[in-house]
>>> print(open('model.txt').read())   # compact mmCIF, C-alpha atoms
# COMPACT_ATOMS: atom_id res chain seq x y z
CA GLY A 225 23.83 -10.02 0.27
CA HIS A 226 24.70 -6.92 2.25
CA ARG A 227 24.85 -4.80 -0.91
CA LEU A 228 21.44 -6.09 -2.01
CA LEU A 229 19.88 -5.13 1.31
CA ARG A 230 21.47 -1.70 1.05
CA GLU A 231 19.98 -1.24 -2.42
CA VAL A 232 16.52 -2.27 -1.18
CA GLU A 233 16.77 0.16 1.73
CA GLU A 234 17.85 2.99 -0.57
CA SER A 235 14.98 2.22 -2.93
CA VAL A 236 12.47 2.48 -0.07
CA HIS A 237 14.01 5.77 1.07
CA ARG A 238 13.32 7.30 -2.34
CA ARG A 239 9.65 7.36 -1.32
CA VAL A 240 9.73 7.25 2.47
CA VAL A 241 11.57 9.85 4.53
CA GLY A 242 13.16 8.59 7.74
CA GLN A 243 11.86 5.44 9.52
CA ASN A 244 15.32 3.85 9.33
CA GLU A 245 14.79 1.47 12.25
CA THR A 246 11.38 0.41 10.96
CA ILE A 247 12.74 -0.39 7.49
CA GLN A 248 15.61 -2.39 8.96
CA GLY A 249 13.17 -4.29 11.18
CA LEU A 250 11.01 -5.18 8.19
CA LEU A 251 14.03 -6.50 6.30
CA ILE A 252 15.07 -8.60 9.31
CA ALA A 253 11.57 -10.08 9.54
CA LEU A 254 11.54 -10.82 5.82
CA LEU A 255 14.89 -12.63 5.97
CA THR A 256 13.98 -14.64 9.07
CA GLY A 257 10.44 -15.54 7.99
CA GLY A 258 8.71 -13.65 10.81
CA HIS A 259 5.75 -11.32 10.86
CA VAL A 260 5.55 -7.77 12.16
CA LEU A 261 3.01 -5.79 14.17
CA LEU A 262 3.22 -2.09 13.31
CA GLU A 263 1.86 0.29 15.89
CA GLY A 264 1.38 3.93 15.04
CA LEU A 265 -1.13 6.69 14.51
CA PRO A 266 -2.90 7.13 11.15
CA GLY A 267 -1.15 9.20 8.51
CA LEU A 268 2.42 8.06 9.19
CA ALA A 269 2.88 6.40 5.77
CA LYS A 270 2.55 2.79 6.90
CA THR A 271 0.86 1.74 3.64
CA LEU A 272 3.38 3.68 1.56
CA LEU A 273 6.23 2.05 3.49
CA VAL A 274 5.02 -1.52 2.88
CA ARG A 275 4.11 -0.84 -0.76
CA SER A 276 7.54 0.70 -1.37
CA LEU A 277 9.22 -2.34 0.18
CA ALA A 278 7.21 -4.66 -2.06
CA ASP A 279 8.14 -2.63 -5.16
CA ALA A 280 11.81 -2.64 -4.17
CA LEU A 281 11.73 -6.43 -3.80
CA HIS A 282 9.63 -6.93 -6.96
CA THR A 283 7.05 -8.92 -5.00
CA SER A 284 3.26 -8.82 -4.87
CA PHE A 285 1.49 -6.61 -2.33
CA ARG A 286 -2.09 -6.59 -1.03
CA ARG A 287 -3.76 -4.41 1.58
CA ILE A 288 -6.69 -5.61 3.68
CA GLN A 289 -8.72 -3.03 5.59
CA PHE A 290 -10.04 -4.80 8.67
CA THR A 291 -13.55 -3.76 9.72
CA PRO A 292 -16.13 -5.18 12.15
CA ASP A 293 -18.20 -6.66 9.28
CA LEU A 294 -15.26 -8.46 7.64
CA LEU A 295 -15.62 -12.23 7.17
CA PRO A 296 -12.87 -14.91 7.08
CA GLY A 297 -13.73 -15.61 3.44
CA ASP A 298 -12.95 -11.99 2.60
CA VAL A 299 -9.38 -12.66 3.70
CA ILE A 300 -8.56 -16.20 2.56
CA GLY A 301 -11.05 -16.65 -0.31
CA ILE A 302 -14.33 -18.44 -1.02
CA PRO A 303 -15.79 -21.03 -3.42
CA VAL A 304 -18.29 -19.56 -5.88
CA TYR A 305 -20.91 -21.59 -7.75
CA HIS A 306 -21.11 -21.06 -11.53
CA GLN A 307 -24.46 -21.92 -13.07
CA GLY A 308 -23.01 -22.36 -16.56
CA THR A 309 -20.69 -25.20 -15.58
CA GLY A 310 -22.47 -26.40 -12.47
CA GLU A 311 -19.17 -26.32 -10.58
CA PHE A 312 -17.66 -24.41 -7.70
CA ARG A 313 -14.62 -22.27 -8.44
CA VAL A 314 -12.31 -21.05 -5.74
CA TYR A 315 -11.56 -17.35 -5.69
CA LYS A 316 -8.42 -16.74 -3.65
CA GLY A 317 -8.47 -13.85 -1.24
CA PRO A 318 -5.95 -11.04 -0.73
CA ILE A 319 -3.94 -13.22 1.65
CA PHE A 320 -2.32 -14.76 -1.44
CA ALA A 321 0.47 -12.21 -1.79
CA ASN A 322 4.09 -11.94 -0.73
CA LEU A 323 3.57 -8.87 1.43
CA VAL A 324 0.18 -8.44 3.09
CA LEU A 325 -0.75 -5.31 5.02
CA ALA A 326 -3.49 -6.06 7.56
CA ASP A 327 -4.59 -2.52 8.32
CA GLU A 328 -6.16 -1.98 11.76
CA VAL A 329 -6.21 -5.68 12.52
CA ASN A 330 -7.79 -5.08 15.94
CA ARG A 331 -10.99 -3.76 14.32
CA ALA A 332 -12.00 -7.18 12.96
CA PRO A 333 -13.81 -9.77 15.12
CA PRO A 334 -11.79 -12.64 16.63
CA LYS A 335 -12.95 -15.16 13.98
CA VAL A 336 -11.33 -13.07 11.21
CA GLN A 337 -8.21 -12.50 13.29
CA SER A 338 -7.90 -16.24 13.83
CA ALA A 339 -8.14 -16.92 10.09
CA LEU A 340 -5.31 -14.47 9.44
CA LEU A 341 -3.13 -15.74 12.27
CA GLU A 342 -3.64 -19.36 11.19
CA ALA A 343 -2.41 -18.48 7.71
CA MET A 344 0.58 -16.71 9.25
CA GLU A 345 1.50 -19.76 11.31
CA GLU A 346 1.01 -22.50 8.71
CA GLU A 347 1.67 -20.47 5.52
CA GLN A 348 -1.28 -22.21 3.92
CA VAL A 349 -5.06 -21.89 3.94
CA THR A 350 -7.91 -24.34 3.50
CA ILE A 351 -10.83 -23.36 1.26
CA ASP A 352 -13.73 -25.77 0.84
CA GLY A 353 -11.64 -28.69 2.08
CA THR A 354 -8.68 -28.05 -0.23
CA THR A 355 -5.37 -26.75 1.09
CA TYR A 356 -3.57 -24.02 -0.87
CA PRO A 357 0.01 -22.98 -0.06
CA LEU A 358 0.75 -19.29 0.27
CA PRO A 359 3.41 -17.68 -1.92
CA SER A 360 7.01 -17.50 -0.75
CA PRO A 361 8.29 -15.26 0.72
CA PHE A 362 5.24 -14.52 2.84
CA LEU A 363 5.21 -11.59 5.26
CA VAL A 364 2.24 -10.14 7.13
CA LEU A 365 2.46 -6.63 8.50
CA ALA A 366 -0.46 -5.87 10.78
CA THR A 367 -1.17 -2.36 12.04
CA GLN A 368 -3.13 -1.15 15.00
CA ASN A 369 -3.90 2.27 16.42
CA PRO A 370 -2.49 2.53 19.97
CA ILE A 371 -4.93 5.27 21.01
CA GLU A 372 -8.29 4.52 19.38
CA GLN A 373 -9.74 1.55 21.25
CA GLN A 374 -13.49 2.08 20.78
CA GLY A 375 -15.08 -0.66 18.69
CA THR A 376 -11.91 -2.79 18.58
CA TYR A 377 -11.08 -6.39 19.46
CA PRO A 378 -7.64 -6.34 21.13
CA LEU A 379 -5.32 -9.19 20.20
CA ALA A 380 -4.85 -11.78 22.93
CA GLU A 381 -1.37 -12.60 24.22
CA ALA A 382 -1.42 -15.96 22.41
CA GLN A 383 -2.18 -14.13 19.17
CA LEU A 384 0.56 -11.58 19.73
CA ASP A 385 3.05 -14.46 19.93
CA ARG A 386 2.50 -15.07 16.20
CA PHE A 387 4.38 -11.84 15.49
CA MET A 388 8.14 -11.94 15.63
CA MET A 389 8.49 -8.27 16.49
CA LYS A 390 6.50 -5.16 17.23
CA LEU A 391 7.65 -1.93 15.64
CA ARG A 392 6.42 1.46 16.77
CA ILE A 393 6.22 4.16 14.08
CA GLU A 394 6.77 7.60 15.55
CA TYR A 395 6.23 11.06 14.13
CA PRO A 396 9.08 12.23 11.88
CA ARG A 397 11.75 14.51 13.27
CA ARG A 398 11.74 18.22 12.46
CA ASP A 399 14.36 17.89 9.71
CA GLU A 400 12.45 14.94 8.22
CA GLU A 401 9.20 16.92 8.25
CA ARG A 402 11.00 19.72 6.42
CA GLU A 403 12.22 17.29 3.76
CA ILE A 404 8.70 15.86 3.33
CA LEU A 405 7.27 19.36 2.95
CA GLU A 406 9.93 20.39 0.45
CA ASP A 407 9.41 17.25 -1.67
CA SER A 408 5.63 17.61 -1.74
CA THR A 409 5.85 21.34 -2.48
CA ARG A 410 8.35 20.76 -5.27
CA THR A 411 5.99 18.25 -6.88
CA ILE A 412 2.99 20.57 -6.62
CA VAL A 413 4.92 23.54 -8.03
CA SER A 414 6.12 21.51 -11.03
CA GLN A 415 2.56 20.36 -11.75
CA VAL A 416 1.24 23.93 -11.51
CA GLU A 417 3.95 25.22 -13.86
CA GLU A 418 3.13 22.50 -16.37
CA LEU A 419 -0.57 23.35 -16.17
CA LYS A 420 0.16 27.06 -16.69
CA ARG A 421 2.23 26.27 -19.78
CA LEU A 422 -0.56 24.19 -21.28
CA VAL A 423 -3.16 26.87 -20.52
CA ASN A 424 -1.01 29.48 -22.26
CA GLU A 425 -0.65 27.22 -25.30
CA PHE A 426 -4.42 26.71 -25.43
CA GLY A 427 -4.90 30.47 -25.21
CA GLN A 428 -2.50 31.10 -28.08
CA PHE A 429 -4.23 28.44 -30.14
CA ALA A 430 -7.68 29.96 -29.44
CA ARG A 431 -6.51 33.42 -30.52
CA GLN A 432 -5.34 32.19 -33.91
CA ALA A 433 -7.40 32.94 -36.98
CA PRO A 434 -9.60 30.04 -38.13
CA GLY A 435 -7.43 29.45 -41.19
CA GLU A 436 -4.29 29.22 -39.06
CA LYS A 437 -5.56 26.57 -36.67
CA ARG A 438 -4.31 23.11 -37.41
CA SER A 439 -6.07 20.00 -36.15
CA HIS A 440 -2.88 18.09 -35.37
CA ASP A 441 -1.70 20.94 -33.07
CA LEU A 442 -4.97 20.74 -31.14
CA ASN A 443 -4.73 16.95 -30.91
CA ALA A 444 -1.21 17.24 -29.52
CA LEU A 445 -2.32 19.75 -26.87
CA VAL A 446 -5.26 17.57 -25.84
CA ALA A 447 -3.07 14.47 -25.60
CA GLU A 448 -0.60 16.40 -23.42
CA THR A 449 -3.32 17.78 -21.14
CA LEU A 450 -5.27 14.59 -20.47
CA PRO A 451 -2.68 13.08 -18.07
CA LEU A 452 -3.00 16.17 -15.85
CA PHE A 453 -6.74 15.60 -15.57
CA SER A 454 -6.13 11.98 -14.55
CA GLN A 455 -3.62 13.03 -11.90
CA SER A 456 -6.09 15.50 -10.39
CA ARG A 457 -8.69 12.78 -9.72
CA PRO A 458 -8.54 10.74 -6.49
CA GLU A 459 -7.77 7.05 -6.78
CA ILE A 460 -10.70 4.72 -6.20
>>> encode(input="model.txt", output="structure tokens")
Amino acid sequence: GHRLLREVEESVHRRVVGQNETIQGLLIALLTGGHVLLEGLPGLAKTLLVRSLADALHTSFRRIQFTPDLLPGDVIGIPVYHQGTGEFRVYKGPIFANLVLADEVNRAPPKVQSALLEAMEEEQVTIDGTTYPLPSPFLVLATQNPIEQQGTYPLAEAQLDRFMMKLRIEYPRRDEEREILEDSTRTIVSQVEELKRLVNEFGQFARQAPGEKRSHDLNALVAETLPLFSQSRPEI
């Protein structure tokens, strides 16, 4: 068991630099069946941390961005009427995952917070009168910004009791920031070098005489270049 936890922790550290105490706290919560409230400023890799933990454990992961216009059905799911069959079908919400990241939970109105906290307590949800169990293991990690309070709905003390622990994510140390910068720079440099190589190959191909150009060489260059275009586009 101890070796397995060590392997999971090492797997998370391949993507996340530092945050040793936070990672250990998440593993403790997962083993004991508790939920965690993460408090930290934006940009400190909270989403990356939870996603990396889910990948290391080979479990499902969903992220819910809490906003003032969010509805309880957006979290737990809703019944939808289908005209073709004349029946209602239940579409399960993002709460049906092993690891759920409730991002900025204090930005949603109390009704939505209550729906989430009820699912955390009972590990089941009721949709249109039918009860559906949540997957096991089930861990909710809710985040909140400790500074930005405008337009938020602070969690009441009774709601805070649903969380087993509260973990504060701090800024990385100077040596950790250096490691993050070196890793990101190394990745960018390797991508630039690969792009330069492909551009040079395209240039050499364009300078060839028409009789020397071969279609399969061009197809190979295009197939090798397309992934770089995909990597340059933001994820939607």
>>> residues_around(input="model.txt", residues="Arg331 (chain A)", least_positions_apart="4", cutoff="6 Å", atoms="only C-alpha atoms", output="list in words")
Phe290, Thr291, Pro292, Thr376 and Tyr377 of chain A
>>> residues_around(input="model.txt", residues="Val232 (chain A)", least_positions_apart="3", cutoff="8 Å", atoms="all atoms listed in the file", output="list in words")
Leu228, Leu229, Ser235, Val236, Leu277, Ala280 and Leu281 of chain A
>>> atom_distance(input="model.txt", atom1="CA of Ala332 (chain A)", atom2="CA of Val304 (chain A)")
23.4 Å
>>> atom_distance(input="model.txt", atom1="CA of Val241 (chain A)", atom2="CA of Leu262 (chain A)")
17.0 Å
>>> residues_near_point(input="model.txt", point="(4.8, -2.0, 2.0)", cutoff="10 Å", atoms="all atoms listed in the file", output="PDB file with C-alpha atoms, in the coordinates of the input")
ATOM      1  CA  VAL A 236      12.470   2.480  -0.070  1.00  0.00           C
ATOM      2  CA  ILE A 247      12.740  -0.390   7.490  1.00  0.00           C
ATOM      3  CA  LEU A 250      11.010  -5.180   8.190  1.00  0.00           C
ATOM      4  CA  ALA A 269       2.880   6.400   5.770  1.00  0.00           C
ATOM      5  CA  LYS A 270       2.550   2.790   6.900  1.00  0.00           C
ATOM      6  CA  THR A 271       0.860   1.740   3.640  1.00  0.00           C
ATOM      7  CA  LEU A 272       3.380   3.680   1.560  1.00  0.00           C
ATOM      8  CA  LEU A 273       6.230   2.050   3.490  1.00  0.00           C
ATOM      9  CA  VAL A 274       5.020  -1.520   2.880  1.00  0.00           C
ATOM     10  CA  ARG A 275       4.110  -0.840  -0.760  1.00  0.00           C
ATOM     11  CA  SER A 276       7.540   0.700  -1.370  1.00  0.00           C
ATOM     12  CA  LEU A 277       9.220  -2.340   0.180  1.00  0.00           C
ATOM     13  CA  ALA A 278       7.210  -4.660  -2.060  1.00  0.00           C
ATOM     14  CA  ASP A 279       8.140  -2.630  -5.160  1.00  0.00           C
ATOM     15  CA  ALA A 280      11.810  -2.640  -4.170  1.00  0.00           C
ATOM     16  CA  SER A 284       3.260  -8.820  -4.870  1.00  0.00           C
ATOM     17  CA  PHE A 285       1.490  -6.610  -2.330  1.00  0.00           C
ATOM     18  CA  ARG A 286      -2.090  -6.590  -1.030  1.00  0.00           C
ATOM     19  CA  ARG A 287      -3.760  -4.410   1.580  1.00  0.00           C
ATOM     20  CA  LEU A 323       3.570  -8.870   1.430  1.00  0.00           C
ATOM     21  CA  VAL A 324       0.180  -8.440   3.090  1.00  0.00           C
ATOM     22  CA  LEU A 325      -0.750  -5.310   5.020  1.00  0.00           C
ATOM     23  CA  VAL A 364       2.240 -10.140   7.130  1.00  0.00           C
ATOM     24  CA  LEU A 365       2.460  -6.630   8.500  1.00  0.00           C
TER      25      LEU A 365
END
>>> atom_distance(input="model.txt", atom1="CA of Thr354 (chain A)", atom2="CA of Gly297 (chain A)")
13.9 Å
>>> residues_around(input="model.txt", residues="Leu384 (chain A)", least_positions_apart="5", cutoff="12 Å", atoms="all atoms listed in the file", output="PyMOL selection string")
chain A and resi 259-262+329-330+337-338+341+344-345+366+378-379+389-390
>>> axis_aligned_box(input="model.txt", around="region 301-306 of chain A", padding_each_side="8 Å", output="JSON")
{"center_x": -16.1, "center_y": -19.1, "center_z": -5.9, "size_x": 26.1, "size_y": 20.9, "size_z": 27.2}
